[in-house]
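Just entry-v8.cif here, mmCIF, C-alpha atoms:
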data_protein
loop_
_atom_site.label_atom_id
_atom_site.label_comp_id
_atom_site.auth_asym_id
_atom_site.auth_seq_id
_atom_site.Cartn_x
_atom_site.Cartn_y
_atom_site.Cartn_z
CA MET A 899 -96.65 72.95 -2.85
CA LYS A 900 -96.44 69.90 -5.09
CA THR A 901 -98.00 66.47 -4.72
CA LEU A 902 -97.27 63.02 -6.05
CA GLU A 903 -99.18 59.78 -5.88
CA LEU A 904 -97.57 56.74 -4.32
CA ALA A 905 -100.11 54.39 -5.82
CA HIS A 906 -98.87 51.22 -4.16
CA ARG A 907 -99.26 52.94 -0.78
CA TRP A 908 -102.63 54.50 -1.63
CA MET A 909 -101.36 57.87 -0.57
CA LYS A 910 -100.75 61.37 -1.85
CA LEU A 911 -97.52 62.95 -0.65
CA ALA A 912 -97.32 66.74 -0.39
CA TYR A 913 -93.92 68.39 -0.63
CA ASP A 914 -91.97 71.54 -1.42
CA ASP A 915 -89.33 71.40 -4.15
CA VAL A 916 -87.17 74.48 -4.76
CA GLY A 917 -83.83 75.09 -6.43
CA THR A 918 -81.50 72.93 -8.47
CA GLY A 919 -78.34 71.01 -7.71
CA LEU A 920 -77.52 68.35 -5.14
CA PRO A 921 -80.86 67.17 -3.66
CA VAL A 922 -81.32 67.84 0.06
CA VAL A 923 -84.35 66.22 1.72
CA LEU A 924 -85.54 67.80 4.98
CA LEU A 925 -87.77 65.75 7.29
CA HIS A 926 -89.95 67.52 9.83
CA ALA A 927 -90.37 67.15 13.58
CA PHE A 928 -93.43 66.18 15.63
CA PRO A 929 -96.04 67.69 15.77
CA PHE A 930 -95.15 69.80 12.74
CA ASP A 931 -95.19 69.48 8.96
CA ARG A 932 -92.99 70.58 6.08
CA GLY A 933 -93.87 74.22 6.83
CA MET A 934 -91.29 74.24 9.62
CA TRP A 935 -88.57 74.20 6.94
CA SER A 936 -89.64 77.44 5.26
CA PRO A 937 -86.66 79.31 6.84
CA GLN A 938 -84.35 76.91 4.98
CA LEU A 939 -85.93 76.77 1.52
CA GLY A 940 -84.71 80.13 0.23
CA PRO A 941 -81.18 80.18 1.68
CA LEU A 942 -80.33 76.59 0.77
CA SER A 943 -81.73 76.84 -2.76
CA ALA A 944 -79.91 80.17 -3.26
CA ALA A 945 -76.70 78.41 -2.22
CA GLY A 946 -77.10 75.98 -5.13
CA TYR A 947 -79.09 73.05 -3.77
CA ARG A 948 -82.40 71.41 -4.64
CA VAL A 949 -84.34 71.44 -1.39
CA LEU A 950 -87.15 68.92 -0.92
CA ALA A 951 -89.38 68.99 2.16
CA PRO A 952 -92.16 66.36 2.25
CA ASP A 953 -95.02 66.02 4.69
CA PHE A 954 -94.97 62.67 6.46
CA PRO A 955 -98.09 60.52 5.94
CA GLU A 956 -101.19 62.23 7.38
CA PHE A 957 -99.24 65.33 8.43
CA GLY A 958 -99.68 68.64 6.65
CA GLN A 959 -101.30 67.95 3.31
CA SER A 960 -100.23 64.33 2.85
CA THR A 961 -102.84 61.59 3.11
CA PRO A 962 -102.50 58.64 5.53
CA GLY A 963 -101.89 55.86 3.03
CA SER A 964 -102.57 52.18 3.54
CA ASP A 965 -99.86 51.34 6.07
CA PRO A 966 -99.62 52.20 9.78
CA PHE A 967 -97.20 55.02 10.55
CA THR A 968 -93.86 53.74 11.85
CA ILE A 969 -90.39 55.27 11.84
CA ASP A 970 -89.02 52.55 9.55
CA GLY A 971 -92.11 52.81 7.35
CA ALA A 972 -91.67 56.58 7.04
CA ALA A 973 -88.07 56.00 5.93
CA ASP A 974 -89.36 53.68 3.21
CA VAL A 975 -91.85 56.36 2.12
CA VAL A 976 -88.93 58.77 1.74
CA ALA A 977 -87.15 56.20 -0.43
CA ASP A 978 -90.29 55.83 -2.57
CA PHE A 979 -90.52 59.61 -2.78
CA LEU A 980 -86.97 59.81 -4.17
CA GLU A 981 -87.68 56.95 -6.55
CA ALA A 982 -90.78 58.71 -7.89
CA LEU A 983 -88.72 61.86 -8.51
CA LYS A 984 -85.98 59.79 -10.18
CA ILE A 985 -83.39 60.92 -7.62
CA ASP A 986 -80.72 58.27 -7.13
CA ARG A 987 -78.94 59.79 -4.12
CA ALA A 988 -79.67 62.67 -1.79
CA VAL A 989 -78.52 64.30 1.40
CA VAL A 990 -81.18 63.44 3.97
CA GLY A 991 -81.67 65.59 7.02
CA GLY A 992 -84.19 65.49 9.83
CA LEU A 993 -84.98 67.24 13.07
CA SER A 994 -86.28 65.34 16.11
CA MET A 995 -88.79 62.82 14.69
CA GLY A 996 -87.39 63.65 11.27
CA GLY A 997 -83.97 62.70 12.62
CA TYR A 998 -85.27 59.31 13.72
CA VAL A 999 -86.58 58.76 10.19
CA ALA A 1000 -83.30 59.98 8.67
CA MET A 1001 -81.35 57.47 10.78
CA ALA A 1002 -83.75 54.71 9.71
CA PHE A 1003 -83.28 55.79 6.09
CA ALA A 1004 -79.50 55.56 6.48
CA ARG A 1005 -79.85 52.04 7.85
CA ARG A 1006 -82.46 50.79 5.36
CA HIS A 1007 -81.42 52.64 2.19
CA PRO A 1008 -77.69 53.39 2.46
CA ARG A 1009 -77.12 53.42 -1.30
CA ARG A 1010 -79.54 56.33 -1.68
CA LEU A 1011 -77.63 58.47 0.81
CA ALA A 1012 -75.11 61.19 -0.15
CA GLY A 1013 -74.90 62.75 3.32
CA LEU A 1014 -76.79 62.80 6.61
CA ILE A 1015 -77.92 65.74 8.75
CA LEU A 1016 -79.23 64.94 12.23
CA ALA A 1017 -80.66 67.92 14.12
CA ASP A 1018 -81.95 67.95 17.69
CA THR A 1019 -82.49 64.22 17.81
CA LYS A 1020 -81.07 61.15 19.55
CA ALA A 1021 -80.25 57.56 18.71
CA GLU A 1022 -81.62 55.91 21.85
CA PRO A 1023 -85.19 54.53 21.96
CA ASP A 1024 -87.71 55.71 24.54
CA ASP A 1025 -87.12 54.45 28.06
CA ALA A 1026 -90.00 53.41 30.32
CA ALA A 1027 -90.70 56.96 31.52
CA ALA A 1028 -90.70 58.35 27.99
CA ARG A 1029 -93.01 55.58 26.78
CA GLU A 1030 -95.40 56.39 29.62
CA ASN A 1031 -95.34 60.06 28.59
CA ARG A 1032 -96.18 59.09 24.99
CA ASP A 1033 -99.20 57.17 26.30
CA LYS A 1034 -100.25 60.19 28.37
CA ALA A 1035 -99.94 62.39 25.28
CA ILE A 1036 -102.12 59.98 23.27
CA THR A 1037 -104.76 60.16 26.01
CA ALA A 1038 -104.51 63.97 26.01
CA VAL A 1039 -104.98 64.19 22.24
CA ARG A 1040 -108.14 62.11 22.52
CA ALA A 1041 -109.45 64.04 25.53
CA ASP A 1042 -108.37 67.61 24.80
CA GLY A 1043 -107.80 67.64 21.06
CA PRO A 1044 -104.63 67.91 18.95
CA ALA A 1045 -104.38 71.71 19.03
CA ALA A 1046 -104.28 71.79 22.84
CA VAL A 1047 -101.54 69.16 22.94
CA GLY A 1048 -99.57 70.94 20.22
CA GLU A 1049 -99.81 74.17 22.21
CA ALA A 1050 -98.67 72.46 25.40
CA LEU A 1051 -95.63 70.95 23.66
CA LEU A 1052 -94.29 74.35 22.64
CA GLY A 1053 -93.32 75.08 26.23
CA LYS A 1054 -90.85 72.20 26.10
CA LEU A 1055 -89.64 72.69 22.56
CA LEU A 1056 -88.65 76.36 22.53
CA SER A 1057 -85.91 78.09 24.48
CA ASP A 1058 -86.92 80.87 26.88
CA ALA A 1059 -85.74 83.50 24.40
CA SER A 1060 -87.78 81.91 21.59
CA LYS A 1061 -90.90 81.74 23.75
CA ALA A 1062 -90.48 85.47 24.40
CA SER A 1063 -90.17 86.18 20.67
CA LYS A 1064 -93.67 86.54 19.23
CA PRO A 1065 -92.65 85.90 15.59
CA VAL A 1066 -90.87 82.66 16.52
CA SER A 1067 -93.50 81.37 18.95
CA ASP A 1068 -96.39 82.31 16.64
CA PHE A 1069 -94.74 80.58 13.68
CA ALA A 1070 -94.17 77.38 15.67
CA ARG A 1071 -97.64 77.52 17.21
CA GLU A 1072 -99.40 77.84 13.86
CA ILE A 1073 -97.83 74.62 12.59
CA ALA A 1074 -97.96 72.62 15.82
CA THR A 1075 -101.68 73.28 16.33
CA ARG A 1076 -102.91 72.48 12.81
CA GLN A 1077 -102.21 68.74 12.74
CA THR A 1078 -105.02 66.22 13.02
CA GLY A 1079 -105.57 64.04 16.06
CA ALA A 1080 -105.19 60.92 13.94
CA ALA A 1081 -101.78 62.03 12.67
CA MET A 1082 -100.54 62.91 16.14
CA ILE A 1083 -101.73 59.68 17.71
CA ALA A 1084 -100.21 57.54 14.94
CA ALA A 1085 -96.89 59.37 15.29
CA LEU A 1086 -96.90 59.10 19.09
CA TYR A 1087 -97.26 55.33 18.81
CA ALA A 1088 -94.43 55.29 16.24
CA LEU A 1089 -92.19 57.41 18.44
CA ARG A 1090 -92.92 55.27 21.48
CA ASP A 1091 -92.12 52.03 19.68
CA ARG A 1092 -89.22 53.15 17.49
CA PRO A 1093 -86.11 50.95 17.32
CA ASP A 1094 -82.71 51.78 18.78
CA ALA A 1095 -80.83 53.68 16.08
CA GLY A 1096 -77.47 53.41 17.82
CA PRO A 1097 -76.20 50.19 16.22
CA GLY A 1098 -76.98 51.50 12.74
CA LEU A 1099 -74.88 54.62 13.19
CA GLU A 1100 -71.67 52.61 13.17
CA ALA A 1101 -72.35 51.58 9.58
CA VAL A 1102 -72.96 55.09 8.21
CA ALA A 1103 -70.36 55.62 5.49
CA VAL A 1104 -71.28 59.13 4.30
CA PRO A 1105 -70.44 62.54 5.82
CA VAL A 1106 -72.62 63.38 8.82
CA LEU A 1107 -73.55 66.74 10.33
CA VAL A 1108 -75.01 66.72 13.86
CA ILE A 1109 -76.77 69.91 14.96
CA VAL A 1110 -78.23 70.77 18.37
CA GLY A 1111 -79.67 73.88 19.98
CA GLU A 1112 -77.56 74.92 22.95
CA HIS A 1113 -80.70 75.06 25.14
CA ASP A 1114 -82.42 71.94 23.75
CA ALA A 1115 -84.15 70.36 26.74
CA VAL A 1116 -85.78 67.51 24.77
CA THR A 1117 -82.72 66.01 23.07
CA PRO A 1118 -79.93 67.91 24.83
CA PRO A 1119 -76.38 68.54 23.59
CA LEU A 1120 -75.17 65.37 25.34
CA ALA A 1121 -77.45 63.28 23.11
CA ALA A 1122 -76.01 65.02 20.04
CA ALA A 1123 -72.50 64.39 21.32
CA ARG A 1124 -73.25 60.68 21.63
CA ILE A 1125 -74.37 60.57 17.99
CA ALA A 1126 -71.27 62.44 16.86
CA THR A 1127 -69.05 60.07 18.84
CA ALA A 1128 -70.74 57.03 17.28
CA VAL A 1129 -70.02 58.23 13.73
CA PRO A 1130 -66.30 58.71 13.11
CA GLY A 1131 -65.50 61.94 11.31
CA SER A 1132 -68.90 63.53 11.89
CA GLU A 1133 -69.24 67.25 12.50
CA LEU A 1134 -71.04 68.62 15.58
CA VAL A 1135 -72.48 72.16 15.63
CA HIS A 1136 -74.24 73.91 18.51
CA ILE A 1137 -76.83 76.54 17.57
CA PRO A 1138 -76.65 79.54 19.93
CA GLY A 1139 -79.80 80.60 21.74
CA ALA A 1140 -81.92 77.78 20.30
CA GLY A 1141 -83.96 75.09 21.98
CA HIS A 1142 -85.29 71.96 20.28
CA LEU A 1143 -86.42 73.72 17.08
CA SER A 1144 -83.00 75.05 16.18
CA ASN A 1145 -83.82 75.60 12.50
CA VAL A 1146 -86.71 77.90 13.46
CA GLU A 1147 -85.22 79.56 16.53
CA ASN A 1148 -81.90 80.56 14.96
CA PRO A 1149 -82.25 79.94 11.22
CA ASP A 1150 -79.22 82.01 10.25
CA ALA A 1151 -76.82 79.89 12.32
CA PHE A 1152 -78.61 76.69 11.29
CA ASN A 1153 -78.42 77.56 7.60
CA ARG A 1154 -74.76 78.53 7.81
CA ALA A 1155 -73.94 75.17 9.37
CA VAL A 1156 -75.88 73.24 6.74
CA ILE A 1157 -74.52 75.21 3.77
CA SER A 1158 -70.95 74.83 5.06
CA PHE A 1159 -71.48 71.08 5.41
CA LEU A 1160 -73.05 70.73 1.97
CA GLY A 1161 -70.21 72.67 0.41
CA LYS A 1162 -67.82 69.93 1.47
CA LEU A 1163 -69.86 67.34 -0.43
CA LYS A 1164 -69.51 68.97 -3.84
#

For this file, write the structure as structure tokens.
Amino acid sequence: MKTLELAHRWMKLAYDDVGTGLPVVLLHAFPFDRGMWSPQLGPLSAAGYRVLAPDFPEFGQSTPGSDPFTIDGAADVVADFLEALKIDRAVVGGLSMGGYVAMAFARRHPRRLAGLILADTKAEPDDAAARENRDKAITAVRADGPAAVGEALLGKLLSDASKASKPVSDFAREIATRQTGAAMIAALYALRDRPDAGPGLEAVAVPVLVIVGEHDAVTPPLAAARIATAVPGSELVHIPGAGHLSNVENPDAFNRAVISFLGKLK
């Protein structure tokens, strides 16, 4: 783990940084942290890429900072992170919440983008039912604690095969249940109130890879197809046997898709 100070934000950002070559930034899902990307660090760096996986503010080992957590704000933190590391352009990829931030980054910082990877995510904002569920989750975090809510979410995030696999379920559980209540509540508000990313997709001018687990029940393959349709020339890959956490549930297929995509950018 490495850390850097974003002094103007009064925050310390924790991140992993392995390998050399074209920078690839991986943005984590909710309620996880950068640890969810450990299955990607070795294979992608061995393939010739510099892999960077930061913790969002207040998640993992990053501090909250001075600003409220929002999806657009998190995208700006990623831009500051690249600036601090003197990286002009990078491939930015995100899964679920990380995908929302990646789409915001593409809209707000297009000149910093060399490619875009959107995994198990969607462009549409929360509808009324989803917003109500975010509010219920916030209440549950306050009443039952963050670990209990993280545990409960795993039932929706993993495919049946992944839930039956102790190594996969234990790995996901360890990360999902170690986040603080404050981080989870701030992110739930940000997820509930995030903007519609659809209009911004039409302006994306870099290569785009869209990935989705074939059994993703949270952001299903149809949502991925809508993203791919909105971005001309994008590539769509389905990950066999995986649910919402496709990078964890079938890392070999996920890594092959990403490495193949990155190879076309060289």

Let me make sure I understand: among A:Asp914, A:Ile1109, A:Phe979, A:Leu1086, which one has the smallest atom-to-atom distance to Glu1030 (chain A) if we use only C-alpha atoms?
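Closest candidate: A:Leu1086.
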
Can you turn the PyMOL selection byres ((chain A and resi 1006-1023) around 7) into a concrete residue list for this file, as a PyMOL selection string?
chain A and resi 986-994+997-998+1002-1005+1024-1025+1092-1096+1104-1111+1117+1121-1122+1125+1142

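Closest approach to Leu980 (chain A) from the set A:Leu902, A:Val916, A:Met934, A:Ala944 is made by A:Leu902, with distances taken over all atoms listed in the file.
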
Neighbours of Ala1059 (chain A) within 10 Å (all atoms listed in the file; same-chain residues fewer than 5 positions away dropped), as a PyMOL selection string?
chain A and resi 1064+1066-1067+1113+1139-1141+1147

Store the residues of this selection in a file with C-alpha atoms, as an mmCIF file, in the coordinates of the input.
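Output file out_20.cif follows:
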data_model
loop_
_atom_site.group_PDB
_atom_site.id
_atom_site.type_symbol
_atom_site.label_atom_id
_atom_site.label_comp_id
_atom_site.auth_asym_id
_atom_site.auth_seq_id
_atom_site.Cartn_x
_atom_site.Cartn_y
_atom_site.Cartn_z
ATOM 1 C CA LYS A 1064 -93.670 86.540 19.230
ATOM 2 C CA VAL A 1066 -90.870 82.660 16.520
ATOM 3 C CA SER A 1067 -93.500 81.370 18.950
ATOM 4 C CA HIS A 1113 -80.700 75.060 25.140
ATOM 5 C CA GLY A 1139 -79.800 80.600 21.740
ATOM 6 C CA ALA A 1140 -81.920 77.780 20.300
ATOM 7 C CA GLY A 1141 -83.960 75.090 21.980
ATOM 8 C CA GLU A 1147 -85.220 79.560 16.530
#

Identify which of the residues A:Ser1060, A:Thr901, A:Thr1127, A:Gln959 lies closest to Ile1073 (chain A), counting all atoms listed in the file when measuring atom-to-atom distances.
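So, comparing all the options, the nearest one is A:Gln959.
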
Would you translate the PyMOL selection byres ((chain A and resi 958) around 8) into the concrete set of residues it matches in this file, as a ChimeraX atom specification?
/A:912,930-932,953-954,956-957,959-960,1076-1077

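Taking only C-alpha atoms into account, Arg1032 (chain A) lies nearest to A:Leu1051 out of the set A:Ala1046, A:Leu1143, A:Ala1062, A:Leu1051.
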
To one decimal place, how far is CA of Ala1126 (chain A) from CA of Arg948 (chain A) in Å?
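Taking CA of Ala1126 (chain A) and CA of Arg948 (chain A), their separation equals 25.8 Å.
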